[in-house]
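**Student:** So I've got this file, start34.cif, and it contains mmCIF, C-alpha atoms and all ligand atoms:
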data_start
#
loop_
_atom_site.label_atom_id
_atom_site.label_comp_id
_atom_site.auth_asym_id
_atom_site.auth_seq_id
_atom_site.Cartn_x
_atom_site.Cartn_y
_atom_site.Cartn_z
CA MET T 11 277.56 98.14 172.25
CA LEU T 12 277.43 98.61 176.01
CA LYS T 13 280.82 99.75 177.15
CA ASN T 14 281.67 98.53 180.66
CA ILE T 15 278.30 96.91 181.30
CA LEU T 16 278.04 93.16 181.51
CA ILE T 17 274.60 91.58 181.77
CA GLN T 18 274.84 87.89 182.53
CA SER T 19 273.03 85.44 184.75
CA GLY T 20 275.41 83.99 187.30
CA SER T 21 278.01 86.72 186.84
CA LEU T 22 278.15 87.51 190.56
CA LYS T 23 279.65 84.18 191.45
CA LYS T 24 282.01 84.34 188.48
CA LEU T 25 283.34 87.83 189.12
CA GLY T 26 286.89 86.49 189.49
CA THR T 27 286.81 85.15 185.95
CA ILE T 28 285.21 88.29 184.53
CA MET T 29 287.86 90.65 185.82
CA ASP T 30 291.34 90.35 187.27
CA LEU T 31 290.81 90.85 190.98
CA THR T 32 294.49 90.39 191.77
CA GLN T 33 295.48 93.71 190.20
CA TYR T 34 294.29 95.78 193.18
CA THR T 35 296.16 96.60 196.39
CA GLN T 36 292.92 96.22 198.32
CA ILE T 37 289.31 95.30 197.53
CA VAL T 38 286.48 96.37 199.82
CA ILE T 39 282.72 95.83 199.61
CA PHE T 40 279.81 98.17 200.35
CA THR T 41 276.27 96.82 200.70
CA ASP T 42 273.07 97.01 202.74
CA LYS T 43 271.60 94.52 205.23
CA ASN T 44 269.00 93.00 202.91
CA VAL T 45 271.38 92.45 200.06
CA ALA T 46 274.12 91.18 202.37
CA GLN T 47 271.76 88.55 203.69
CA TYR T 48 271.14 87.09 200.24
CA TRP T 49 274.16 87.86 198.08
CA LEU T 50 277.25 88.72 200.09
CA ASP T 51 278.47 85.13 200.43
CA THR T 52 278.20 84.64 196.68
CA LEU T 53 280.33 87.73 196.11
CA GLN T 54 282.84 86.70 198.79
CA SER T 55 283.24 83.28 197.16
CA ASN T 56 285.37 85.04 194.52
CA PHE T 57 288.08 85.79 197.07
CA GLU T 58 290.54 83.51 198.82
CA LYS T 59 289.99 85.36 202.05
CA PRO T 60 286.87 87.48 202.59
CA ALA T 61 287.11 91.12 201.57
CA PRO T 62 286.31 93.75 204.25
CA VAL T 63 282.65 94.79 204.15
CA LEU T 64 280.71 97.88 205.20
CA THR T 65 277.04 96.99 205.59
CA ILE T 66 274.50 99.76 206.17
CA LYS T 67 270.88 99.82 207.22
CA VAL T 68 268.34 99.67 204.44
CA GLY T 69 266.65 102.60 202.75
CA GLU T 70 266.77 106.09 201.31
CA LYS T 71 267.13 107.60 204.81
CA GLU T 72 270.68 106.22 204.96
CA LYS T 73 271.67 108.08 201.80
CA ASN T 74 273.31 110.92 203.67
CA LEU T 75 276.59 112.55 204.55
CA GLN T 76 277.03 110.45 207.71
CA THR T 77 277.05 107.27 205.65
CA VAL T 78 279.45 108.80 203.14
CA GLU T 79 281.74 109.64 206.04
CA LYS T 80 281.51 106.03 207.25
CA LEU T 81 282.59 104.95 203.79
CA TRP T 82 285.61 107.29 203.74
CA LYS T 83 286.62 106.02 207.20
CA PHE T 84 286.14 102.45 206.06
CA PHE T 85 288.47 103.06 203.09
CA GLN T 86 291.03 104.69 205.35
CA GLU T 87 290.93 101.94 207.99
CA ASN T 88 291.38 99.32 205.34
CA LYS T 89 294.32 101.18 203.79
CA CYS T 90 292.71 101.80 200.44
CA ASP T 91 294.87 103.72 198.02
CA ARG T 92 294.55 104.81 194.39
CA ASN T 93 295.08 101.22 193.27
CA SER T 94 292.27 99.82 195.38
CA LEU T 95 288.77 98.80 194.35
CA LEU T 96 285.37 99.34 195.92
CA ILE T 97 282.60 96.93 195.00
CA ASN T 98 279.09 98.37 195.46
CA LEU T 99 276.60 95.55 195.88
CA GLY T 100 273.00 96.70 196.16
CA GLY T 101 270.25 98.93 194.86
CA GLY T 102 270.53 102.56 193.80
CA VAL T 103 271.04 103.79 197.34
CA VAL T 104 274.20 101.70 197.70
CA THR T 105 275.54 102.24 194.18
CA ASP T 106 274.93 106.04 194.16
CA MET T 107 276.53 106.60 197.53
CA GLY T 108 279.37 104.10 197.24
CA ALA T 109 280.23 105.57 193.86
CA PHE T 110 280.25 109.06 195.31
CA ALA T 111 282.52 108.11 198.20
CA ALA T 112 284.92 106.30 195.85
CA SER T 113 284.92 109.16 193.35
CA THR T 114 286.04 111.61 196.04
CA PHE T 115 288.37 109.51 198.23
CA MET T 116 291.98 110.41 197.37
CA ARG T 117 290.56 112.25 194.33
CA GLY T 118 289.00 109.07 193.08
CA ILE T 119 289.57 105.35 193.52
CA SER T 120 288.22 102.62 191.24
CA PHE T 121 284.82 101.16 191.87
CA ILE T 122 282.48 98.71 190.23
CA ASN T 123 278.72 98.52 190.63
CA ILE T 124 276.77 95.33 191.02
CA PRO T 125 273.17 96.61 191.01
CA THR T 126 270.69 94.19 192.58
CA THR T 127 267.31 95.87 192.04
CA LEU T 128 265.58 96.07 188.67
CA LEU T 129 265.50 99.86 189.00
CA SER T 130 269.22 100.11 189.58
CA GLN T 131 269.98 97.61 186.81
CA VAL T 132 268.05 99.52 184.15
CA ASP T 133 268.56 103.05 185.40
CA ALA T 134 270.92 103.92 188.26
CA SER T 135 273.75 101.75 186.94
CA VAL T 136 274.02 103.65 183.66
CA GLY T 137 275.12 107.23 183.22
CA GLY T 138 277.70 107.91 185.90
CA LYS T 139 275.59 109.98 188.30
CA THR T 140 276.70 109.52 191.90
CA GLY T 141 275.52 111.25 195.06
CA PHE T 142 273.54 111.50 198.26
CA ASN T 143 270.73 113.54 199.77
CA PHE T 144 271.50 116.74 201.64
CA GLY T 145 269.14 118.86 203.70
CA ASP T 146 265.87 117.67 202.34
CA VAL T 147 267.00 117.72 198.73
CA LYS T 148 267.48 114.43 196.93
CA ASN T 149 270.88 113.85 195.35
CA LEU T 150 271.94 117.44 195.98
CA ILE T 151 275.60 116.54 196.35
CA GLY T 152 277.20 114.37 193.71
CA THR T 153 279.60 113.85 190.85
CA PHE T 154 279.51 112.45 187.36
CA THR T 155 281.83 109.46 187.59
CA GLU T 156 281.53 106.25 185.59
CA ALA T 157 282.07 102.92 187.31
CA GLU T 158 285.00 100.93 186.01
CA LYS T 159 282.53 98.16 185.32
CA VAL T 160 278.86 97.46 185.91
CA ILE T 161 278.11 93.79 186.46
CA ILE T 162 274.44 92.94 186.20
CA ASP T 163 273.40 89.52 187.39
CA PRO T 164 269.65 89.09 186.78
CA GLU T 165 269.69 86.16 189.22
CA THR T 166 269.93 88.65 192.06
CA LEU T 167 266.39 89.74 191.21
CA SER T 168 265.08 86.41 192.50
CA THR T 169 265.15 87.70 196.08
CA LEU T 170 263.78 91.16 195.36
CA PRO T 171 260.36 91.82 196.92
CA ALA T 172 257.62 91.73 194.26
CA ARG T 173 256.66 95.35 194.76
CA GLU T 174 260.26 96.54 194.26
CA TYR T 175 260.43 94.42 191.13
CA ARG T 176 257.25 95.91 189.68
CA SER T 177 258.49 99.39 190.48
CA GLY T 178 261.51 98.88 188.23
CA TRP T 179 259.21 98.42 185.26
CA GLY T 180 258.12 102.06 185.55
CA GLU T 181 261.48 103.21 184.21
CA ILE T 182 261.48 100.49 181.55
CA ILE T 183 258.12 101.64 180.21
CA LYS T 184 259.49 105.18 180.26
CA HIS T 185 262.42 104.13 178.06
CA GLY T 186 260.01 102.88 175.42
CA LEU T 187 257.81 105.95 175.60
CA ILE T 188 260.61 108.50 175.27
CA ALA T 189 262.88 106.85 172.76
CA ASP T 190 261.74 103.59 171.21
CA LYS T 191 258.24 102.90 169.97
CA ALA T 192 259.03 99.30 169.01
CA TYR T 193 260.28 98.62 172.53
CA PHE T 194 257.10 100.09 173.96
CA GLU T 195 255.06 97.88 171.62
CA LEU T 196 256.99 94.86 172.83
CA LEU T 197 256.32 95.75 176.45
CA LYS T 198 252.67 96.35 175.68
CA THR T 199 252.15 92.92 174.22
CA ALA T 200 254.55 90.84 176.24
CA PRO T 201 255.03 91.73 179.85
CA GLY T 202 257.29 89.24 181.50
CA SER T 203 259.38 88.69 178.39
CA ASP T 204 263.04 87.74 178.73
CA ILE T 205 264.31 89.95 181.53
CA GLU T 206 267.94 89.76 180.42
CA LYS T 207 267.00 91.20 177.02
CA ILE T 208 264.84 93.87 178.64
CA ILE T 209 267.68 94.98 180.91
CA GLN T 210 270.00 95.00 177.90
CA ARG T 211 267.66 97.15 175.80
CA SER T 212 266.94 99.59 178.61
CA CYS T 213 270.64 99.99 179.38
CA GLU T 214 271.32 100.58 175.68
CA LEU T 215 268.59 103.19 175.46
CA LYS T 216 269.68 105.05 178.55
CA SER T 217 273.31 104.80 177.59
CA GLY T 218 272.52 106.11 174.09
CA VAL T 219 270.78 109.13 175.54
CA VAL T 220 273.52 109.77 178.08
CA THR T 221 276.30 109.52 175.50
CA LYS T 222 274.70 112.31 173.51
CA ASP T 223 274.58 114.54 176.57
CA ALA T 224 276.68 113.30 179.48
CA THR T 225 276.17 116.21 181.85
CA GLU T 226 272.48 116.87 181.31
CA LYS T 227 272.62 120.12 179.38
CA SER T 228 269.57 119.33 177.32
CA TYR T 229 268.75 116.09 175.51
CA ARG T 230 269.39 113.87 178.55
CA LYS T 231 266.44 115.54 180.19
CA ILE T 232 264.13 113.28 178.20
CA LEU T 233 264.94 110.73 180.92
CA ASN T 234 262.99 112.97 183.28
CA PHE T 235 259.73 112.21 181.53
CA GLY T 236 257.16 111.44 184.23
CA HIS T 237 259.48 112.81 186.88
CA THR T 238 258.14 116.35 187.34
CA LEU T 239 254.77 115.17 188.58
CA GLY T 240 256.12 111.79 189.68
CA HIS T 241 258.83 113.19 191.89
CA SER T 242 256.33 115.50 193.60
CA VAL T 243 253.94 112.63 194.23
CA GLU T 244 256.81 110.49 195.54
CA ILE T 245 257.94 113.11 198.04
CA LEU T 246 254.43 114.02 199.17
CA SER T 247 253.63 110.35 199.78
CA GLU T 248 256.41 110.31 202.39
CA GLY T 249 257.73 106.93 201.46
CA LYS T 250 254.41 105.23 200.80
CA ILE T 251 254.86 105.26 197.04
CA LEU T 252 257.97 103.73 195.50
CA HIS T 253 259.94 105.62 192.86
CA GLY T 254 258.82 103.53 189.89
CA GLU T 255 255.21 103.69 191.06
CA ALA T 256 255.40 107.47 191.34
CA ILE T 257 256.94 107.66 187.88
CA ALA T 258 254.09 105.57 186.48
CA ILE T 259 251.61 108.10 187.92
CA GLY T 260 253.77 110.98 186.71
CA MET T 261 253.94 109.55 183.21
CA MET T 262 250.15 109.36 183.11
CA GLY T 263 249.90 113.03 184.08
CA GLU T 264 252.54 114.14 181.63
CA ALA T 265 251.08 112.02 178.84
CA PHE T 266 247.76 113.71 179.62
CA ILE T 267 249.43 117.12 179.20
CA SER T 268 250.93 115.93 175.90
CA LYS T 269 247.42 115.00 174.78
CA GLU T 270 245.89 118.30 175.94
CA LEU T 271 248.52 120.20 173.94
CA GLY T 272 247.67 118.23 170.82
CA TYR T 273 250.60 115.84 170.58
CA LEU T 274 249.13 112.53 171.72
CA THR T 275 245.70 111.18 170.81
CA ASP T 276 243.09 109.83 173.20
CA THR T 277 243.97 106.37 171.98
CA ASP T 278 247.67 106.93 172.77
CA LEU T 279 246.76 107.96 176.29
CA LYS T 280 244.59 104.87 176.77
CA THR T 281 247.35 102.64 175.41
CA ILE T 282 249.84 104.11 177.87
CA GLN T 283 247.39 103.62 180.72
CA LYS T 284 246.69 100.01 179.76
CA THR T 285 250.39 99.25 179.53
CA ILE T 286 251.13 100.72 182.93
CA GLU T 287 248.22 98.74 184.38
CA LYS T 288 249.48 95.57 182.75
CA PHE T 289 252.57 95.84 184.90
CA GLN T 290 250.40 96.35 187.96
CA LEU T 291 251.68 99.86 188.45
CA PRO T 292 249.37 102.68 189.60
CA THR T 293 248.09 105.36 187.23
CA LYS T 294 246.48 107.51 189.92
CA THR T 295 247.04 108.40 193.53
CA SER T 296 245.02 109.71 196.47
CA GLY T 297 245.50 111.42 199.80
CA ILE T 298 247.57 114.25 198.32
CA SER T 299 246.20 117.69 197.49
CA LYS T 300 246.37 119.45 194.15
CA LYS T 301 247.77 122.52 195.89
CA ASP T 302 250.65 120.59 197.44
CA ILE T 303 251.55 118.95 194.16
CA LEU T 304 251.56 122.33 192.40
CA ALA T 305 253.77 123.84 195.10
CA LYS T 306 256.18 120.91 194.99
CA ILE T 307 256.57 121.10 191.22
CA THR T 308 257.83 124.65 191.38
CA THR T 309 260.53 123.77 193.90
CA ASP T 310 261.80 120.84 191.85
CA LYS T 311 265.53 121.41 191.55
CA LYS T 312 265.53 120.27 187.98
CA ASN T 313 263.69 123.34 186.88
CA LYS T 314 265.44 126.53 185.90
CA GLY T 315 264.44 129.71 187.71
CA GLU T 316 260.75 130.11 188.27
CA GLU T 317 259.24 128.66 185.15
CA VAL T 318 258.63 124.95 185.17
CA ARG T 319 259.90 123.19 182.06
CA TRP T 320 258.34 119.90 181.12
CA VAL T 321 259.35 116.82 179.21
CA LEU T 322 256.44 115.89 176.99
CA LEU T 323 255.76 113.22 174.41
CA GLU T 324 255.61 114.44 170.85
CA LYS T 325 254.36 110.93 170.08
CA ILE T 326 254.83 107.48 171.54
CA GLY T 327 258.57 106.78 171.26
CA LYS T 328 259.67 110.41 171.07
CA ALA T 329 260.03 112.94 173.86
CA MET T 330 260.77 116.66 173.77
CA VAL T 331 262.41 118.69 176.53
CA ASP T 332 262.05 122.21 177.93
CA GLN T 333 258.35 122.62 177.16
CA SER T 334 256.29 125.23 178.93
CA VAL T 335 252.75 124.30 179.86
CA PRO T 336 249.89 126.67 180.79
CA GLU T 337 248.95 126.40 184.45
CA GLU T 338 245.32 125.40 183.71
CA VAL T 339 246.60 122.40 181.80
CA VAL T 340 248.90 121.44 184.66
CA LYS T 341 245.98 121.68 187.06
CA LYS T 342 243.85 119.48 184.80
CA ALA T 343 246.67 116.95 184.66
CA ILE T 344 246.87 116.87 188.44
CA ASP T 345 243.09 116.28 188.61
CA PHE T 346 243.60 113.50 186.12
CA ILE T 347 246.07 111.64 188.37
CA LEU T 348 244.15 112.21 191.58
CA GLU T 349 241.52 109.64 192.50
N1 LIG K 1 272.40 107.41 189.55
C1 LIG K 1 271.29 107.45 188.86
O1 LIG K 1 271.29 107.78 187.68
C2 LIG K 1 270.01 107.02 189.51
C3 LIG K 1 268.90 106.71 188.72
C4 LIG K 1 267.75 106.28 189.36
C5 LIG K 1 267.71 106.17 190.73
N2 LIG K 1 268.80 106.48 191.46
C6 LIG K 1 268.77 106.37 192.93
O2 LIG K 1 268.54 105.01 193.26
C7 LIG K 1 267.86 104.95 194.51
C8 LIG K 1 266.72 103.98 194.40
O3 LIG K 1 267.23 102.74 194.00
P1 LIG K 1 266.53 101.37 194.39
O4 LIG K 1 265.12 101.39 193.98
O5 LIG K 1 267.42 100.31 193.88
O6 LIG K 1 266.49 101.45 195.99
P2 LIG K 1 267.26 100.73 197.18
O7 LIG K 1 268.70 100.71 196.97
O8 LIG K 1 266.76 101.37 198.41
O9 LIG K 1 266.70 99.23 197.11
C9 LIG K 1 265.33 98.98 197.32
C10 LIG K 1 265.12 97.91 198.37
O10 LIG K 1 265.46 96.63 197.85
C11 LIG K 1 266.38 95.96 198.71
N3 LIG K 1 267.16 95.10 197.84
C12 LIG K 1 268.06 95.48 196.90
N4 LIG K 1 268.44 94.43 196.19
C13 LIG K 1 267.81 93.35 196.68
C14 LIG K 1 267.80 91.98 196.33
N5 LIG K 1 268.48 91.52 195.27
N6 LIG K 1 267.03 91.14 197.07
C15 LIG K 1 266.30 91.62 198.12
N7 LIG K 1 266.24 92.91 198.46
C16 LIG K 1 267.00 93.76 197.74
C17 LIG K 1 267.11 97.06 199.39
O11 LIG K 1 267.67 96.61 200.60
C18 LIG K 1 265.98 98.06 199.61
O12 LIG K 1 265.21 97.70 200.72
C19 LIG K 1 267.43 106.36 194.86
O13 LIG K 1 268.26 106.84 195.89
C20 LIG K 1 267.66 107.13 193.57
O14 LIG K 1 268.02 108.47 193.81
C21 LIG K 1 269.94 106.90 190.88
ZN ZN K 2 263.55 107.76 187.91
#
Before anything else, please render the file you have as structure tokens.
**Tutor:**
Amino acid sequence: MLKNILIQSGSLKKLGTIMDLTQYTQIVIFTDKNVAQYWLDTLQSNFEKPAPVLTIKVGEKEKNLQTVEKLWKFFQENKCDRNSLLINLGGGVVTDMGAFAASTFMRGISFINIPTTLLSQVDASVGGKTGFNFGDVKNLIGTFTEAEKVIIDPETLSTLPAREYRSGWGEIIKHGLIADKAYFELLKTAPGSDIEKIIQRSCELKSGVVTKDATEKSYRKILNFGHTLGHSVEILSEGKILHGEAIAIGMMGEAFISKELGYLTDTDLKTIQKTIEKFQLPTKTSGISKKDILAKITTDKKNKGEEVRWVLLEKIGKAMVDQSVPEEVVKKAIDFILE
């Protein structure tokens, strides 16, 4: 069912048997320092002689035009042409930016993504969004370009710091809440169930949503559940809160709004909270002011014009997009997520 996505333990070391690596004029690798330390040798073992590598420093701060320029230079210096291949090995920072550089170099060269964080395996690797941050706006510049292949090797998660791993579950819980009640029920009762199956289901869900609306005209926005408040909290925390953690908090706030407007019950809200807590993700935050969160929400690029449009839950397992919410309710929701 999942076109172009392979989820298989041990696939990184078997890349050469999964795809024909001899068909390209050149193969180059893009990664970051952490990932290189653990997984680059495994990837290189697929080649007779090591492929050229561009390794960048770690973190969201590197997701900028300067790094993209380094990538273009790296392609040029290594004589990449339209029959060459870029392999992006890393989390969402690496896959988003590598994909962008490949999608624009010589009007587009082939690339594959090998996502190595849980977040990038269940989210960033599906849907074809590429890009980097510009000015102080996240992912302002980008393209919609699908990777030739996405190879997910759950073994790579073994070296991921525990907090990064937990953060990935924020998006997984979101997938259940917005589109699949049974999946949410499964998560609720069995955290820590078979990770390969979880990645598979989350990729299927995201891919199903994206297929219906590839360029985010409307339906795809359900994936932004938890992100209006969550994104604001993430930015205002200045790096202290990870994306998945912020989304967990955001989902609590937006579920609260859904309850206030009569869609969810008190019990639903409690169930969502318990589930998020089960995965040791936060449901509240502190040290940020209500005023700042309100101000941030209105500058969120995802919103049209002045009026903020929300993704709410009609019920557990079904989201609705483009909802307007009275300001008093928004304020109450912010109080709800502030400690
Ligand atoms: N394209 C999309 O649709 C989409 C969706 C969601 C997020 N994103 C983007 O993804 C980025 C966040 O992704 P992320 O959470 O993967 O961040 P990341 O790439 O910064 O990785 C998180 C941290 O984990 C380290 N790491 C990665 N894999 C590791 C491994 N196997 N072992 C040890 N350490 C490892 C990295 O070096 C980094 O320190 C953001 O820039 C976001 O905008 C894109
Ligand atoms: Zn997200």
**Student:** To check your reading of the model: which residues sit at most 7 Å from ligand LIG 1 (chain K) when counting all atoms listed in the file? Write the answer as a PyMOL selection string.
**Tutor:** chain T and resi 42-45+48+68-70+73+100-104+106+126-130+133-140+148-149+166-171+174+253
**Student:** Restricting the calculation to all atoms listed in the file: of T:Leu12, T:Gln333, T:Asp91, T:Val132, which residue gets closest to T:Arg117?
**Tutor:**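 Comparing T:Leu12, T:Gln333, T:Asp91, T:Val132 against T:Arg117, the winner is T:Asp91.
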**Student:** To check your reading of the model: which residues sit at most 8 Å from ligand ZN 2 (chain K) when counting all atoms listed in the file? Write the answer as a VMD selection string.
**Tutor:** chain T and resid 133 181 233 to 234 237 253 to 254 257
**Student:** Kindly provide, as a PyMOL selection string, the polymer residues lying within 9 Å of (293.8, 94.8, 195.3), counting only C-alpha atoms and using the coordinates exactly as they appear in the file.
**Tutor:** chain T and resi 31-38+90+93-95
**Student:** List as a ChimeraX atom specification the protein and nucleic acid residues near T:Gly297, meaning an atom at most 9 Å away when all atoms listed in the file are counted, but skip any in the same chain fewer than 5 places from it.
**Tutor:** /T:247,348-349
**Student:** Between T:Ile161, T:Ile347, T:Ala329, T:Lys191, single out the one closest to T:Gly240, counting all atoms listed in the file.
**Tutor:** T:Ile347
**Student:** Could you tell me how far atom CA of T:Met330 lies from atom CA of T:Thr281, in Å and to one decimal?
**Tutor:** 19.5 Å
**Student:** Excluding stretch 195-211 of chain T and its own-chain neighbours fewer than 2 positions away, which residues fall within 6 Å of it when counting only C-alpha atoms? Please give them as an NGL selection string.
**Tutor:** :T and (132 or 192-193 or 213-214 or 285)
**Student:** Could you jot down the atom CA of T:Thr153 to atom CA of T:Phe40 separation for me, Å, one decimal place?
**Tutor:**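 Answer for the atom CA of T:Thr153 to atom CA of T:Phe40 separation: 18.3 Å.
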**Student:** I need the residue nearest T:Asn123 from this list: T:Val219, T:Ile183, T:Glu72, T:Asn14. Use only C-alpha atoms for the distance.
**Tutor:**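 Checking each candidate against T:Asn123, we get T:Asn14 as the closest.
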**Student:** Enter the distance from atom CA of T:Phe266 to atom CA of T:Val340, in Å, rounded to one decimal.
**Tutor:**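 Atom-to-atom, atom CA of T:Phe266 and atom CA of T:Val340 are spaced 9.3 Å apart.
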**Student:** Counting only C-alpha atoms, note down every residue that has an atom within 10 Å of the point (263.8, 114.8, 180.4) (file coordinates), as a PyMOL selection string.
**Tutor:** chain T and resi 188+226+228-238+312+319-322+329-332
**Student:** Find the residue from T:Val78, T:Ile17, T:Ala111, T:Val318 that sits nearest to T:Ser212; use all atoms listed in the file when measuring.
**Tutor:**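 Going through T:Val78, T:Ile17, T:Ala111, T:Val318 one by one, the smallest distance to T:Ser212 is for T:Ile17.
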**Student:** For T:Thr295, which residue among T:Glu255, T:Asp30, T:Glu270, T:Glu317 is the nearest when counting all atoms listed in the file?
**Tutor:**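 Once distances to T:Thr295 are computed over all atoms listed in the file, the minimum belongs to T:Glu255.
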**Student:** Excluding T:Gly263 and any residue of its chain fewer than 2 positions from it, enumerate the residues within 9 Å of it, using only C-alpha atoms, and give them as a list in words.
**Tutor:**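 Counting only the stated atoms, we get Gly236, Leu239, Gly240, Ala258, Ile259, Gly260, Met261, Ala265, Phe266, Ile267, Ser268, Thr293, Lys294, Val340, Lys342, Ala343, Ile344, Asp345, Phe346 and Ile347 of chain T.
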**Student:** Fewer than 4 positions away in the same chain doesn't count, so skip those; otherwise give me all residues within 10 Å of T:Thr77, counting only C-alpha atoms, as an NGL selection string.
**Tutor:** :T and (66-67 or 71-73 or 81-83 or 107-108 or 111 or 142)
**Student:** Which residue gives the smallest distance to T:Leu16 among T:Thr114, T:Ser120, T:Gln131, T:Gln86, with only C-alpha atoms counted?
**Tutor:**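 Nearest candidate to T:Leu16 out of T:Thr114, T:Ser120, T:Gln131, T:Gln86: T:Gln131.
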**Student:** Write out as lines of an AutoDock Vina configuration file an axis-aligned box for stretch 256-259 of chain T: all of its atoms listed in the file, 4 Å added on each side, centre and edge lengths in Å with one decimal.
**Tutor:**
center_x = 254.3
center_y = 106.8
center_z = 188.9
size_x = 13.3
size_y = 10.5
size_z = 12.9
**Student:** Near T:Ser55, counting all atoms listed in the file, which residues have an atom at most 10 Å away, once you skip same-chain residues fewer than 6 positions from it, shown as a PyMOL selection string?
**Tutor:** chain T and resi 22-26+61
